[in-house]
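What follows is one structure encoded as structure tokens, with my remarks underneath.
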Amino acid sequence: MKIIVPVKRVIDYNVKPRVKADGTGVDLANVKMSMNPFDEIAVEEAIRLKEKGVANEIVVVSVGPAKAQETLRTALAMGADRAILVQTDDEVEPLAVAKILKAIDDEEQSGLVILGKQAIDDDSNQTGQMLAALLGRPQGTFASEVTIDGNSVMVKREVDGGLETVKLTLPAIITTDLRLNEPRYASLPNIMKAKSKPLANKTPADYGVETAPRLKTLQVSEPPVRSAGIKVADVDALVAKLKELGVA
Amino acid sequence: MSKTLVWVEHDNASIKDATLSAVSAASQLGEVHLLVAGSDCAAVADAAAGIAGVGKVHLADDAAYANALVENVAPLIVSLMDSHDAFVAPATSNGKNIAPRVAALLDVAQVSEILSVEGPKTFTRPTYAGNAIAVVESSDAKLVVTVRGTAFAKAEATGGSASIEAITSTGDAGLSSFVSAEIAKSERPELTAAKIIVSGGRALRDGDTFEAMIFPLADKLGAAVGASRAAVDAGYVPNDYQVGQTGKIVAPEVYVAIGISGAIQHLAGMKDSKTIVAINKDEDAPIFQIADIGLIADLFNAVPELTGKL
């Protein structure tokens, strides 16, 4: 079985984003960028399925600028087999990304596509579900456990009140939640090896997908700031404050 | 006047509160219709018809909808979208699962987790873990929107008298089946609906200590229990306790953060709380920059003392 894993280059998890003064977006100049954390979990899960002998090839895909190559190389160093960069400098919305991924899947014929549940930049949480819709396949979103079982896959999902297990026919789409696994670090020899793994360069036009945005961002601003309040000296003072609030 | 279809989240017996916030948001877009899809869920439809301001309830009662399997529910929603201009779902795990599938089938972009309605097609929404608020305008003919529950007042659950119309099931798509659910049973209030939340972080050391410190205080206050991602990652508590960008978004009257440093992604989930109380021994912890009341103390002494004195 072939597994496709889309990965996105985003602002690093530990960096505090700053809104540009002109209100057009977030300042990404000279900011550390990394692979979206949920996508790392997706890459890891695909590698584990390959190690179990369930999958035989892992193709990683990124839609983004030339520098997204670095993100793909990271995935190759972790253990993916080959990469496709769909290069564009535009901001591509989830629907257009899903259309590109569908076109790639039409060529590649995957058994599973594993995606991060959301990217930590736009926080959309849409691409996996949209891809499932476009391919007419079942979707196991927010997965915390994935078990291949013959022609189907059991997915344990993180839902509001706890966990839910669904059985999906293959091929299927899975999106990852935090507890699915702990991604590995690429070793130095594997980082070197990744440099010679195949990476294909494509554009959205190669897949006949129009990437013009449907949503127009009119303005981006900082959220209202909360200022620090008071410090109390001890527990008694805290109890008094809580009583003032009427909660004790 | 434009018509908006709201997906009602329920357990085939009663309506989940998040639906009421979605109704409030939808009412700012036009006439509100509801979709109750479930199995043996007539009681839910009756309750839905009683929500104030609702024009009509569409009821699809079929075993295929018993567990809100998205592969079955999404085609049903699409079948109703010829006669509606917008689809709205609460930004719950089910709503987030369903809405993008509907959006793609309709070939429209989705606006996720809106915080406000600014115009017929204009909304505010959080990005970058709530560190940037974007005003976005849709150019699509139809809208698909998910609603952040904490950002909208709940619609009145009673006072309405909408008609209920049974609609034809689109059946079982044959792609998926429900196997089981492990839903945590708790006497405590639900996180997203609680007036008071007591949350613990990695400093709680392990699962047993977390329970011994946090639970008695929460019970004394009648509070729900939450946790930081670090505490969930470390295995102290299950993921459904997680408050933050990748967990639940909460905005209670009082949020008590214990041993939580205040990582960006945690603040994203709770900074709209009315009053934030923080207990942490590190006076430089970022949580103190947003806390209304801070106590710099070792939690292992302060928390039992606090529980005892309340």
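Naming scheme: A, B, ... for chains in displayed order of the structure tokens; residues 1 onward per chain; ligands 1 onward as shown.
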Exercise for the section: Write down as an NGL selection string the residues of segment 124-217 of chain A whose backbone DSSP state falls under alpha helix (DSSP H). Expected result: :A and (127-135 or 188-194)
Problem - Non-local contacts of segment 161-170 of chain A (7 Å; only C-alpha atoms; under 5 positions in same chain excluded) as a PyMOL selection string - result: (chain A and resi 111+138+151-156) or (chain B and resi 175-184+240)
Please save N, CA and C atoms of the selected residues as a CSV table (one decimal), in the first residue's frame.
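Dumped to selection.csv:
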chain,number,residue,atom,x,y,z
A,111,GLY,N,-3.4,4.1,-0.8
A,111,GLY,CA,-4.3,3.4,0.1
A,111,GLY,C,-4.8,4.2,1.2
A,138,PRO,N,-13.9,7.6,3.0
A,138,PRO,CA,-14.2,7.9,4.4
A,138,PRO,C,-13.0,8.6,5.1
A,151,ASN,N,-9.1,-5.1,4.6
A,151,ASN,CA,-9.5,-4.0,3.6
A,151,ASN,C,-10.1,-2.8,4.3
A,152,SER,N,-9.9,-2.7,5.6
A,152,SER,CA,-10.4,-1.5,6.3
A,152,SER,C,-9.4,-1.1,7.4
A,153,VAL,N,-9.7,0.1,7.9
A,153,VAL,CA,-8.8,0.6,8.9
A,153,VAL,C,-9.7,1.1,10.1
A,154,MET,N,-9.2,0.7,11.3
A,154,MET,CA,-9.9,1.1,12.6
A,154,MET,C,-9.2,2.4,13.1
A,155,VAL,N,-10.0,3.4,13.3
A,155,VAL,CA,-9.4,4.6,13.7
A,155,VAL,C,-10.0,5.0,15.1
A,156,LYS,N,-9.2,5.2,16.1
A,156,LYS,CA,-9.7,5.7,17.4
A,156,LYS,C,-9.5,7.2,17.3
B,175,LEU,N,-19.3,3.5,3.6
B,175,LEU,CA,-17.9,3.8,3.6
B,175,LEU,C,-17.4,3.6,5.1
B,176,SER,N,-18.2,3.7,6.0
B,176,SER,CA,-17.7,3.7,7.4
B,176,SER,C,-18.8,3.1,8.4
B,177,SER,N,-18.3,2.6,9.5
B,177,SER,CA,-19.3,2.2,10.5
B,177,SER,C,-18.7,2.6,11.9
B,178,PHE,N,-19.7,2.8,12.8
B,178,PHE,CA,-19.4,3.1,14.2
B,178,PHE,C,-19.0,1.9,14.9
B,179,VAL,N,-17.9,1.8,15.7
B,179,VAL,CA,-17.6,0.6,16.4
B,179,VAL,C,-17.9,0.8,17.9
B,180,SER,N,-17.3,1.9,18.5
B,180,SER,CA,-17.5,2.0,20.0
B,180,SER,C,-17.2,3.4,20.4
B,181,ALA,N,-17.6,3.8,21.6
B,181,ALA,CA,-17.2,5.1,22.1
B,181,ALA,C,-16.8,4.9,23.6
B,182,GLU,N,-15.8,5.6,24.0
B,182,GLU,CA,-15.4,5.6,25.4
B,182,GLU,C,-15.6,7.0,25.8
B,183,ILE,N,-16.7,7.3,26.3
B,183,ILE,CA,-17.0,8.7,26.7
B,183,ILE,C,-16.8,8.8,28.3
B,184,ALA,N,-15.9,9.7,28.7
B,184,ALA,CA,-15.6,9.8,30.1
B,184,ALA,C,-16.9,10.2,30.9
B,240,ASP,N,-9.0,14.6,26.4
B,240,ASP,CA,-10.2,15.5,26.4
B,240,ASP,C,-10.2,16.5,27.6
Handout entry: Polymer residues at most 12 Å from segment 186-192 of chain A, only C-alpha atoms, same-chain spacing of 6 or more positions, as a PyMOL selection string
Key = chain A and resi 40+43-44+70-81
Exercise for the section: Could you list, as a PyMOL selection string, the residues of chain A having an atom within 7 Å of chain B when counting only C-alpha atoms? Expected result: chain A and resi 17+19+95+120-124+126+129-130+133-134+137-138+141+159-169+214-223+226-235+239+247-248
Selected residues written out with N, CA and C atoms, as a short mmCIF file (atom, residue, chain, number, x, y, z; two decimals), in the first residue's frame:
data_model
loop_
_atom_site.label_atom_id
_atom_site.label_comp_id
_atom_site.auth_asym_id
_atom_site.auth_seq_id
_atom_site.Cartn_x
_atom_site.Cartn_y
_atom_site.Cartn_z
N PRO A 17 4.00 34.72 17.11
CA PRO A 17 3.75 35.47 15.88
C PRO A 17 3.49 36.95 16.17
N VAL A 19 1.90 40.46 14.48
CA VAL A 19 1.10 41.00 13.39
C VAL A 19 1.82 42.20 12.79
N LEU A 95 -9.12 24.39 0.43
CA LEU A 95 -9.89 23.77 -0.67
C LEU A 95 -9.00 23.53 -1.89
N ILE A 120 -0.72 25.01 12.22
CA ILE A 120 -0.74 25.95 13.34
C ILE A 120 -0.61 27.40 12.90
N ASP A 121 -0.64 27.64 11.57
CA ASP A 121 -0.66 29.05 11.14
C ASP A 121 -2.10 29.53 10.89
N ASP A 122 -2.79 28.91 9.93
CA ASP A 122 -4.16 29.39 9.68
C ASP A 122 -5.20 28.69 10.58
N ASP A 123 -4.79 27.64 11.29
CA ASP A 123 -5.72 26.93 12.20
C ASP A 123 -7.05 26.57 11.54
N SER A 124 -7.02 26.20 10.25
CA SER A 124 -8.29 25.95 9.54
C SER A 124 -8.93 24.61 9.91
N GLN A 126 -9.22 21.83 7.93
CA GLN A 126 -10.15 21.55 6.83
C GLN A 126 -9.62 20.58 5.77
N GLN A 129 -10.51 16.69 5.62
CA GLN A 129 -11.94 16.43 5.40
C GLN A 129 -12.33 16.78 3.96
N MET A 130 -11.76 17.88 3.44
CA MET A 130 -12.09 18.29 2.07
C MET A 130 -11.57 17.28 1.06
N ALA A 133 -13.80 14.33 0.94
CA ALA A 133 -15.02 14.64 0.19
C ALA A 133 -14.75 14.55 -1.31
N LEU A 134 -13.65 15.16 -1.75
CA LEU A 134 -13.36 15.20 -3.19
C LEU A 134 -13.08 13.81 -3.75
N ARG A 137 -14.08 9.38 -0.23
CA ARG A 137 -13.55 8.35 0.68
C ARG A 137 -13.95 8.66 2.12
N PRO A 138 -13.93 7.64 2.98
CA PRO A 138 -14.20 7.88 4.40
C PRO A 138 -13.03 8.62 5.06
N THR A 141 -10.86 11.47 11.30
CA THR A 141 -10.18 12.69 11.74
C THR A 141 -9.78 12.58 13.21
N VAL A 159 -12.56 12.75 20.48
CA VAL A 159 -13.77 13.56 20.35
C VAL A 159 -14.00 14.32 21.65
N ASP A 160 -14.98 15.22 21.65
CA ASP A 160 -15.12 16.13 22.78
C ASP A 160 -15.19 15.44 24.14
N GLY A 161 -15.99 14.39 24.24
CA GLY A 161 -16.14 13.77 25.55
C GLY A 161 -15.20 12.62 25.84
N GLY A 162 -14.36 12.24 24.89
CA GLY A 162 -13.48 11.09 25.11
C GLY A 162 -12.96 10.54 23.80
N LEU A 163 -13.20 9.25 23.56
CA LEU A 163 -12.70 8.60 22.35
C LEU A 163 -13.83 7.89 21.63
N GLU A 164 -13.68 7.79 20.31
CA GLU A 164 -14.68 7.08 19.50
C GLU A 164 -13.91 6.25 18.48
N THR A 165 -14.36 5.03 18.24
CA THR A 165 -13.69 4.20 17.24
C THR A 165 -14.62 3.99 16.04
N VAL A 166 -14.07 4.23 14.86
CA VAL A 166 -14.83 3.99 13.63
C VAL A 166 -14.03 3.04 12.74
N LYS A 167 -14.76 2.31 11.91
CA LYS A 167 -14.14 1.40 10.96
C LYS A 167 -14.37 1.96 9.57
N LEU A 168 -13.31 2.18 8.81
CA LEU A 168 -13.41 2.81 7.50
C LEU A 168 -12.93 1.83 6.44
N THR A 169 -13.62 1.82 5.30
CA THR A 169 -13.12 0.99 4.21
C THR A 169 -11.93 1.70 3.56
N ARG A 214 -10.59 32.22 -2.24
CA ARG A 214 -12.03 32.47 -2.18
C ARG A 214 -12.33 33.41 -1.01
N LEU A 215 -11.44 33.38 -0.03
CA LEU A 215 -11.63 34.24 1.14
C LEU A 215 -10.67 35.41 1.02
N LYS A 216 -11.20 36.60 1.19
CA LYS A 216 -10.35 37.79 1.13
C LYS A 216 -10.07 38.23 2.56
N THR A 217 -8.79 38.37 2.89
CA THR A 217 -8.45 38.84 4.23
C THR A 217 -8.45 40.36 4.20
N LEU A 218 -9.37 40.95 4.91
CA LEU A 218 -9.51 42.41 4.87
C LEU A 218 -8.55 43.07 5.85
N GLN A 219 -8.32 42.39 6.96
CA GLN A 219 -7.46 42.99 7.97
C GLN A 219 -7.01 41.93 8.97
N VAL A 220 -5.79 42.09 9.47
CA VAL A 220 -5.32 41.20 10.53
C VAL A 220 -4.86 42.08 11.69
N SER A 221 -5.31 41.74 12.88
CA SER A 221 -4.91 42.58 14.02
C SER A 221 -4.53 41.71 15.22
N GLU A 222 -3.86 42.34 16.16
CA GLU A 222 -3.52 41.64 17.42
C GLU A 222 -4.81 41.49 18.22
N PRO A 223 -4.93 40.42 18.95
CA PRO A 223 -6.10 40.31 19.82
C PRO A 223 -6.00 41.34 20.94
N ARG A 226 -4.49 41.48 27.32
CA ARG A 226 -4.87 41.35 28.73
C ARG A 226 -3.70 41.86 29.51
N SER A 227 -3.93 42.71 30.45
CA SER A 227 -2.79 43.16 31.23
C SER A 227 -2.73 42.37 32.53
N ALA A 228 -1.52 42.29 33.05
CA ALA A 228 -1.32 41.54 34.27
C ALA A 228 -2.09 42.22 35.40
N GLY A 229 -2.64 41.43 36.28
CA GLY A 229 -3.40 41.97 37.41
C GLY A 229 -2.53 42.09 38.64
N ILE A 230 -3.03 41.65 39.73
CA ILE A 230 -2.31 41.80 40.99
C ILE A 230 -1.68 40.48 41.43
N LYS A 231 -0.70 40.61 42.30
CA LYS A 231 -0.13 39.42 42.93
C LYS A 231 -0.58 39.41 44.39
N VAL A 232 -1.02 38.27 44.86
CA VAL A 232 -1.37 38.17 46.28
C VAL A 232 -0.23 37.51 47.04
N ALA A 233 -0.14 37.82 48.33
CA ALA A 233 1.02 37.40 49.11
C ALA A 233 0.93 35.95 49.55
N ASP A 234 -0.28 35.50 49.87
CA ASP A 234 -0.39 34.14 50.38
C ASP A 234 -1.77 33.56 50.08
N VAL A 235 -1.97 32.34 50.54
CA VAL A 235 -3.22 31.64 50.24
C VAL A 235 -4.41 32.37 50.88
N VAL A 239 -7.77 33.42 48.99
CA VAL A 239 -9.11 33.01 49.41
C VAL A 239 -10.02 34.24 49.50
N VAL A 247 -16.88 33.13 44.18
CA VAL A 247 -16.71 31.73 43.82
C VAL A 247 -16.36 30.85 45.03
N ALA A 248 -16.22 31.47 46.17
CA ALA A 248 -15.88 30.65 47.34
C ALA A 248 -16.71 31.10 48.53
#
Practice task
Return the single residue from B:Thr209, B:Ser79, B:Ser21, B:Ser261 that is closest to Val147 of chain B, with distances computed using only C-alpha atoms.
Solution key: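 Ranked by minimum distance to Val147 of chain B, first place goes to B:Ser21.
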Practice task
Quote the spacing between atom CA of Ser34 of chain A and atom CA of Val209 of chain A in Å to one decimal place.
Solution key: 25.8 Å
Exercise for the section: Name the residues in contact with segment 6-12 of chain A at a cut-off of 9 Å, using only C-alpha atoms, excluding same-chain residues fewer than 5 positions from it; report them as a VMD selection string. Expected result: (chain A and resid 17 28 31 to 40 42 to 43 59 to 65 67 to 72 75 101 113 to 116 119 to 121) or (chain B and resid 128)
Problem - Counting only C-alpha atoms, the option among B:Met270, B:Leu299, B:Ala285, B:Ala45 closest to Ile15 of chain B - result: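 When distances to Ile15 of chain B are compared using only C-alpha atoms, the smallest one comes from B:Ala45.
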